[in-house]
Each structure stands twice: as structure tokens, then as C-alpha cells.
4 protein chains.
Amino acid sequence: MTSPAPGRPLRADAQRNRAKVLAAAEEVFADLGTSASTEEVARRAGVGIGTVFRHFPTKESLLEAVLVTLVERLAGEAEELRAADDAGAAFFGFFSRVVAQAAAKQAVTEALAEAGVDARGVTGRAGPGLKDAIGALLVRAQRAGAVRSDVEAGEVMALLAGMSYAAGHAGVGSDVLRIAFDGLRPR
Amino acid sequence: MTSPAPGRPLRADAQRNRAKVLAAAEEVFADLGTSASTEEVARRAGVGIGTVFRHFPTKESLLEAVLVTLVERLAGEAEELRAADDAGAAFFGFFSRVVAQAAAKQAVTEALAEAGVDARGVTGRAGPGLKDAIGALLVRAQRAGAVRSDVEAGEVMALLAGMSYAAGHAGVGSDVLRIAFDGLRPR
Amino acid sequence: MTSPAPGRPLRADAQRNRAKVLAAAEEVFADLGTSASTEEVARRAGVGIGTVFRHFPTKESLLEAVLVTLVERLAGEAEELRAADDAGAAFFGFFSRVVAQAAAKQAVTEALAEAGVDARGVTGRAGPGLKDAIGALLVRAQRAGAVRSDVEAGEVMALLAGMSYAAGHAGVGSDVLRIAFDGLRPR
Amino acid sequence: MTSPAPGRPLRADAQRNRAKVLAAAEEVFADLGTSASTEEVARRAGVGIGTVFRHFPTKESLLEAVLVTLVERLAGEAEELRAADDAGAAFFGFFSRVVAQAAAKQAVTEALAEAGVDARGVTGRAGPGLKDAIGALLVRAQRAGAVRSDVEAGEVMALLAGMSYAAGHAGVGSDVLRIAFDGLRPR
DNA sequence: CATGAATGAGGCTTCATTCAT
DNA sequence: TATGAATGAAGCCTCATTCAT
């Protein structure tokens, strides 16, 4: 999804290293911000710097891969809630969980922001995927009368990004989320 | 925390240079992000790099000064609205204007986030100043029945930071703000 | 001087791979200069990087092998002209052809220069081989009265290297060669 | 001639350092080839690596400056001979001296080759300057009957580059030069 | 034997900071 | 004080070489 000659399935050990690097990068960028050094990623992954660059030929491509991974994971979580009994609980629960994750990892916030700005962004095709999944959750919650009907997926994503940022930077708890949720409910 | 031997009141021309540097820094960091070089600040201020470091001995201290300036400016704006006739309009209008500013300058968002994390933060004593000013606006709006009574100044600041982030990064308009405002109104 | 356990005659497919690598290397170094990467050689040879290093344990040894090949090829061409009818035409024709080759492949120039610096050089025993072959051509041309008699093989090789360099780098045509040829003719 | 804001005359010490770096670069590239590292240049100049990059913001620009310097120096030497009594001696003497310099410094050869390929090259406007100076020497020598009349400045430069290469790489003495000179004399 | 993943030294370049002018 | 040249640590990236598969 990022670079090696498309087609070749990648040896087992290489696959493992790629995963290690990606995981380390997610951690490092979460802890130290996206300006953290590639060397730090290599160190924390327990591989040589060359290995990082073999899998992700550019720092930017590594960052991109991390964001894509994050966005896909969130989309997956949203997907699973599609069949939940209580559509309102599913929607608000998803929202809360995302914000909670973001409180620990600022990369999540960036991923959300990127994903919201549509396909042009770094997150490529993963962005729309997340938007669709969220849109599905939203529509069901609206049909169930748990969310006001004049809101769209794009607005929800922006709200999500904003609340995630607030959670991660402004040191806030669920109080603020409560306000946003009330704003989303039918009047 | 900003540098020259405390006490000496700073010659007039030095004072002027300090201001030029600060203004240039605000502009540069807004345009290019906080990773812009100090050299660029000097260039845009029309002074030598040495002058920048004489007034702000560290890049971090320069950044800090910019944030403090921003916070103080916002606090000033809030202050002026204290006597407005329509307390609700004052509150929501202030909120909107801040978010609009942030859409153009990400530094505003950072300033807000910093200011919210209380006095220990980088913004020192300016943070509480803003919080107080916003608190005053909030209380008056609550008394006027325009804002629900179970919200506190800290929550408003967090919401403000989040919405500012969303406005600057997620490419959103006033739709999202409307949701937040509805959440703030009495039910 | 080229690597595998001396003695073992090299399996047929290995032999083939060695040849493929050598050919690719000649091409790559001609196109991209000697600072081209070994990886590129492997790619163009259609083999793995490991294979390149199995046959030529060092980039330098690969370069050396390319030069030796080139020198041997030139020596072969000179050899074939030994029996030509017109000794003068044979000599000058050979000279012209070498320079024309060099215009396209700077490696040829390097090979010539190396070969001229005698046996100690990188081209090992191949250098003297070329020198001898050129010497034979020279002597016959001198006997035929086409080349002045006070010139030696070493000087011819140096002249050849110089003209080859000029052809490849200074963007020159046959005009310069004409000057050199006039200098070689009897007065 | 290479980078700092055109106009500002450069402080005295900076001027001195720039010269030191340029001299060191000339030496290093002569000794180790143009692929020598910038760090080595800094080391030999006795300055920090940052100083090298302050004066020449790119390795390429440093190389260019070295070549330009060389070409200008040669042009200067040619210029001085314009008024010599013996036009033939001036021409051949200049030629010999250039080749002798090149024997020690391969950068000279590169400079010559670059300069010959006209203004498009790295040597910019310095190339034509050298060509003109050599042309003047040539014409006077031709008028004096020391050089054949059907040769042009471009051909002389190519010959010069070729002989310089030969002198530096093929380990040759004045024997080869003699051949070239005979080729240049009227028949 | 062939493959290509892993390694890490080393190269180029940027930039915060110091200091001579 | 102001200036801007000097410094060198640190970042990104390349590539020859090694080694597990």
C-alpha cells in the first residue's frame, strides 16, 4: 500500500519487519509528534535505519502509511457497529471511543483531519472509506431519532476532529463531549 | 521569561525592534507553521538574526511570546464585550470571531490549547487572563438565558480550541459551529 | 582477480549469469557513469543484487572486470587488423574507431587510460596485451611509411586516451583527430 | 559569483573564509576527484561544515565555483601572453603550461572540457572568456606562421582538454605533446 | 547458487545558537 | 546594540556489503 514493486507478496520476515516499523512509527509519532526522527522509529522498532527506508522510501510515505492505517482501523470499528441494535448508542459510542483514542495519540487527530479533507489528502482512498462508514452510522442514528436530521457526515467528521484535538491538547474530559452531543441531538 | 536583564527598561529603538520581530514571527509561524526557521523571521522583520536572539534567547521563547501576544489580544477582545447590551450575541459573536481567526492562523489554535491547560503552561499568566475574560462573558450570557447554566469557562475554552482546530484543518464552515452552539444553548 | 574459488570451473548457468552481469555493468557505467549503483546493474541484468556480489565481491572488482573486458575487446580488434593490406589505413582506422566508441562510452576512455599506466594498474595483464597489439599495428604502419618513426606504442596509447576523452567530453568531431593524425605522419 | 545576496560586498573575514574554502576545494577535488566529500573540503579549509554551505549552498555550486575559478585563471594567463613578442612561443608555451597544471590537478581537465562545451555548461560565462583568449593567441600565432591556418579555437580547446587528460591519467610526458604540436604546425 | 532483506557508515543539507566585528 | 558569519549537531537519504531464506 506504500511502495515495494506492486505484485511481489513480500517475504514473511520482511512482512513482519514492515509491521514492526509501522507499529513503532505510530507509537513514536503519537508520543513525540510527527516531527520525530526516522532514526527514533528505527530504534524503537529494533531495526536498522536502512530497513525503515527500504519499506518506506520517504519520511512522508511513512507518515502517510501511519495515517492510512489509523483511518482504516477507525473505519473498521465503525463498520462493525453497523449492525448494532441501538443505533444511537452505536453512533455516540463510536464518537466517544475515537475521542478517547485521540487523547493519547495526537496522530489520530491528524488522521481524522486529513481524512476529512477528502481524497486529495495524504490518506488517499482511505479517507472516503471512513467517511462512508461514519455516514452509515449517522444515517441509522438519524432514522432512530437519536441524531438531528440536518447534519451530514462531513460535519460529523469535522466535529470529531475538533473534539479529538481538544481532548488531546486542551486537557478536557467528557464534559465537552456532552456539549457536542447535545448539539447533535434532535431539539 | 522573555530575556533582557530584568529592570533595564529597553531603549526606544530596541523596543521597536522587539515589536517588529514579534510581529514578523506571528506572521511567519502563521504562514509556514511553527517549524519555520528563525532566519526567516529575521528576514521578514528586516533585522539581523542576532537581533532576534538578543530579544528572544531561544526559538521556544519566541514562540511563547507569540502565543502570549495572541492570548492577550483575545483576552482584550473578550474584555471589550463585557459591557455589550446583548450578552448572548456577545458570547456567540466572540466565539465565532475567534474560530474565524484560527482558520487563517493555526497559531491561534495552539494559543488557545496552551491557555486552556492552566497556569503551568507556556502562556504563563496570560492563560488565566483569557479564561477569566471568557468566564465573564459566559456568566452574563447564562444570566441572560442564552447559554445553559451547567457549562464552565474551561469547557468553553476547550470547545473553542476544538472548533478552531476543525476550522483550520478539517476545512469546515459554519455548519459545525452551529452544532456546537446548539449544544451550548439551554435545552 | 575476479572471485570464485579458483579452480572450480563455474556451472553453466552461473557462467551465463556472470556474463549477463558484466554486460549490464558495461551498459550501466557507460550510461550513468561509474558512480551508478550496483543495484542498478543487478536490475538491468535481471538478477538479484546478491548474484552480482557473488560474482564480483566488490564494486571495484566489477568495475575492473568491465575495464578488462573493454581492453581485451580493443586488443582483439587491433589483432585482427595485423594482417590488413594497407598498414597505414589499418592503424588510423583503428585509432578512429576507438575514439568513436569512446565518444559514446566514457568507460572506454578510462580503460585506455588504465591500460596505458602499465601492468601495475587495475587492468592487470590485459593492458600489456593491448599495448602489444597496438605496437604491432604501429610498427607496420611505420614500415609502410604512414607514421613517423620516432613514436612509440606508449605515446600512441596516451594520444588515443586523450583524443577519446576529448571526443566524449569536449563535444568535438573529426577535426581534432585530423590534427593528431597530421602530427603522427612523417614530416 | 555564486550565491550571497548580490550587492552586499561581504565582510573582510567572510571574504577570507570564502577564499580558504575555494582553495581547499580546488585542492581536494584535484587530489580525490570531484566525488570527494564536502566534509573533507571543510576539514582541509579549517572551517566548520556550515561555513562551506554558507558560501556555497550546494555541493554542485562549490564544484562550479572551483571550475569557474580555474577557467578564469587560465583565461588570465592567456590574456597576459597577448602582447608577447614571439606569438608562436606564446601559443605553444601556454598550451604546455596548461597541460602541466592538469597533470597535477584533474579538475583543470574537467574545467577545460566544461569550458569547451560553451555557455550552456557549468562554467557559464567564463567558458567563452577562455575561448576568446585562446582564440586571440591562436590568431596571432597563425599570422606569425607558427600554427596552420585551418585550425579554430574550439579545436584547440578540445586538443588542450584531451592532452590534459592524457597528461593526468595516462602518465605521459612531453613526447605526446610534441606529436600534437607537430600536428598544429603548418605543413 | 540465487535472492533480496537488513545493515549502518557516510554524504548532503538545515538550522538553532554563539560570537567576533 | 545590531549584524551576520561561523559552528556543529542532527535529520534525511543512499548504497556497498552481508546474510538469512
# chains A, B, ... in the order shown; residues from 1 in each chain; ligands from 1
$ interface_residues --of "chain D" --to "chain F" --cutoff "9 Å" --atoms "only C-alpha atoms (C1' of nucleotides)" --output "PDB file with all heavy atoms, in the first residue's frame"
ATOM      1  N   ARG D  11      31.814  40.810   4.322  1.00  0.00           N
ATOM      2  CA  ARG D  11      32.778  41.252   5.316  1.00  0.00           C
ATOM      3  C   ARG D  11      34.170  40.701   5.027  1.00  0.00           C
ATOM      4  O   ARG D  11      34.311  39.654   4.405  1.00  0.00           O
ATOM      5  CB  ARG D  11      32.323  40.782   6.689  1.00  0.00           C
ATOM      6  CG  ARG D  11      31.909  41.888   7.601  1.00  0.00           C
ATOM      7  CD  ARG D  11      31.030  41.389   8.690  1.00  0.00           C
ATOM      8  NE  ARG D  11      31.638  40.289   9.428  1.00  0.00           N
ATOM      9  CZ  ARG D  11      31.005  39.661  10.410  1.00  0.00           C
ATOM     10  NH1 ARG D  11      29.763  39.992  10.731  1.00  0.00           N
ATOM     11  NH2 ARG D  11      31.580  38.689  11.044  1.00  0.00           N
ATOM     12  N   ASP D  13      36.467  39.202   6.875  1.00  0.00           N
ATOM     13  CA  ASP D  13      36.769  37.845   7.326  1.00  0.00           C
ATOM     14  C   ASP D  13      35.995  36.801   6.522  1.00  0.00           C
ATOM     15  O   ASP D  13      36.504  35.718   6.247  1.00  0.00           O
ATOM     16  CB  ASP D  13      36.482  37.715   8.818  1.00  0.00           C
ATOM     17  CG  ASP D  13      35.041  38.060   9.148  1.00  0.00           C
ATOM     18  OD1 ASP D  13      34.403  38.758   8.330  1.00  0.00           O
ATOM     19  OD2 ASP D  13      34.550  37.631  10.191  1.00  0.00           O
ATOM     20  N   ALA D  14      34.776  37.153   6.150  1.00  0.00           N
ATOM     21  CA  ALA D  14      33.988  36.217   5.356  1.00  0.00           C
ATOM     22  C   ALA D  14      34.650  36.004   4.005  1.00  0.00           C
ATOM     23  O   ALA D  14      34.765  34.888   3.513  1.00  0.00           O
ATOM     24  CB  ALA D  14      32.577  36.755   5.165  1.00  0.00           C
ATOM     25  N   VAL D  47      37.592  25.006   8.482  1.00  0.00           N
ATOM     26  CA  VAL D  47      36.349  25.668   8.905  1.00  0.00           C
ATOM     27  C   VAL D  47      35.288  24.606   9.172  1.00  0.00           C
ATOM     28  O   VAL D  47      35.469  23.441   8.846  1.00  0.00           O
ATOM     29  CB  VAL D  47      35.821  26.623   7.816  1.00  0.00           C
ATOM     30  CG1 VAL D  47      36.874  27.636   7.444  1.00  0.00           C
ATOM     31  CG2 VAL D  47      35.359  25.843   6.605  1.00  0.00           C
ATOM     32  N   GLY D  48      34.187  25.031   9.772  1.00  0.00           N
ATOM     33  CA  GLY D  48      33.091  24.107  10.015  1.00  0.00           C
ATOM     34  C   GLY D  48      32.339  23.817   8.725  1.00  0.00           C
ATOM     35  O   GLY D  48      32.390  24.611   7.780  1.00  0.00           O
ATOM     36  N   ILE D  49      31.654  22.698   8.713  1.00  0.00           N
ATOM     37  CA  ILE D  49      30.926  22.318   7.509  1.00  0.00           C
ATOM     38  C   ILE D  49      29.877  23.372   7.145  1.00  0.00           C
ATOM     39  O   ILE D  49      29.601  23.641   5.974  1.00  0.00           O
ATOM     40  CB  ILE D  49      30.258  20.948   7.707  1.00  0.00           C
ATOM     41  CG1 ILE D  49      29.530  20.493   6.444  1.00  0.00           C
ATOM     42  CG2 ILE D  49      29.268  20.978   8.861  1.00  0.00           C
ATOM     43  CD1 ILE D  49      30.465  20.189   5.319  1.00  0.00           C
ATOM     44  N   GLY D  50      29.331  23.988   8.180  1.00  0.00           N
ATOM     45  CA  GLY D  50      28.309  25.001   7.943  1.00  0.00           C
ATOM     46  C   GLY D  50      28.841  26.194   7.159  1.00  0.00           C
ATOM     47  O   GLY D  50      28.121  26.802   6.360  1.00  0.00           O
ATOM     48  N   THR D  51      30.092  26.497   7.383  1.00  0.00           N
ATOM     49  CA  THR D  51      30.689  27.629   6.680  1.00  0.00           C
ATOM     50  C   THR D  51      30.781  27.358   5.180  1.00  0.00           C
ATOM     51  O   THR D  51      30.539  28.240   4.351  1.00  0.00           O
ATOM     52  CB  THR D  51      32.094  27.912   7.247  1.00  0.00           C
ATOM     53  OG1 THR D  51      31.957  28.212   8.621  1.00  0.00           O
ATOM     54  CG2 THR D  51      32.732  29.085   6.540  1.00  0.00           C
ATOM     55  N   ARG D  54      27.444  27.876   3.818  1.00  0.00           N
ATOM     56  CA  ARG D  54      27.001  29.273   3.821  1.00  0.00           C
ATOM     57  C   ARG D  54      27.494  29.949   2.548  1.00  0.00           C
ATOM     58  O   ARG D  54      26.789  30.728   1.918  1.00  0.00           O
ATOM     59  CB  ARG D  54      27.539  29.990   5.058  1.00  0.00           C
ATOM     60  CG  ARG D  54      27.592  31.519   4.913  1.00  0.00           C
ATOM     61  CD  ARG D  54      27.867  32.175   6.237  1.00  0.00           C
ATOM     62  NE  ARG D  54      26.636  32.262   6.985  1.00  0.00           N
ATOM     63  CZ  ARG D  54      25.795  33.288   6.930  1.00  0.00           C
ATOM     64  NH1 ARG D  54      26.051  34.327   6.156  1.00  0.00           N
ATOM     65  NH2 ARG D  54      24.697  33.288   7.634  1.00  0.00           N
TER      66      ARG D  54
END
$ select_by_dssp --residues "chain D" --states "helix (DSSP H, G or I)" --output "VMD selection string"
chain D and resid 12 to 32 38 to 45 49 to 55 59 to 83 87 to 104 106 to 116 126 to 143 153 to 169 174 to 184
$ residues_around --residues "region 142-156 of chain A" --least-positions-apart "4" --cutoff "9 Å" --atoms "only C-alpha atoms (C1' of nucleotides)" --output "MDAnalysis selection string"
(chainID A and resid 86:89 91 116:117 131:132 134:138 160:161 181 183:187) or (chainID B and resid 172:173 175:176 179)
$ atom_distance --atom1 "CA of Glu26 (chain B)" --atom2 "CA of Leu112 (chain B)"
14.7 Å
$ atom_distance --atom1 "CA of Ala126 (chain C)" --atom2 "CA of Ala113 (chain C)"
12.5 Å
$ closest_atom_pairs --of "chain E" --to "chain A" --cutoff "10 Å" --atoms "only C-alpha atoms (C1' of nucleotides)" --output "Markdown table"
| residue | atom | partner | partner_atom | distance |
| --- | --- | --- | --- | --- |
| E:DG4 | C1' | A:Arg11 | CA | 9.1 |
| E:DA5 | C1' | A:Ala14 | CA | 6.5 |
| E:DA6 | C1' | A:Thr51 | CA | 6.1 |
| E:DT7 | C1' | A:Gly48 | CA | 5.9 |
| E:DG8 | C1' | A:Gly48 | CA | 7.1 |
$ write_last_selection --atoms "C-alpha atoms (C1' of nucleotides)" --output "short mmCIF file (atom, residue, chain, number, x, y, z; two decimals), in the first residue's frame"
data_model
loop_
_atom_site.label_atom_id
_atom_site.label_comp_id
_atom_site.auth_asym_id
_atom_site.auth_seq_id
_atom_site.Cartn_x
_atom_site.Cartn_y
_atom_site.Cartn_z
"C1'" DG E 4 16.55 -9.72 -1.78
"C1'" DA E 5 16.00 -8.03 3.04
"C1'" DA E 6 18.89 -5.90 6.56
"C1'" DT E 7 22.55 -3.12 7.92
"C1'" DG E 8 24.96 1.13 9.03
#
$ residues_around --residues "region 79-82 of chain C" --least-positions-apart "2" --cutoff "8 Å" --atoms "only C-alpha atoms (C1' of nucleotides)" --output "list of chain:residue names"
C:Ala75, C:Gly76, C:Glu77, C:Ala84, C:Ala90, C:Ala133, C:Ala136, C:Leu137
$ write_last_selection --atoms "C-alpha atoms" --output "PDB file, in the first residue's frame"
ATOM      1  CA  ALA C  75      43.124  -5.635 -28.245  1.00  0.00           C
ATOM      2  CA  GLY C  76      41.126  -8.167 -30.247  1.00  0.00           C
ATOM      3  CA  GLU C  77      40.146  -5.572 -32.788  1.00  0.00           C
ATOM      4  CA  ALA C  84      45.481  -5.939 -43.271  1.00  0.00           C
ATOM      5  CA  ALA C  90      44.702  -0.157 -40.529  1.00  0.00           C
ATOM      6  CA  ALA C 133      48.674  -5.221 -30.288  1.00  0.00           C
ATOM      7  CA  ALA C 136      52.338  -4.238 -33.831  1.00  0.00           C
ATOM      8  CA  LEU C 137      49.935  -2.038 -35.777  1.00  0.00           C
TER       9      LEU C 137
END
$ atom_distance --atom1 "CA of Val99 (chain A)" --atom2 "CA of Ser164 (chain A)"
4.7 Å
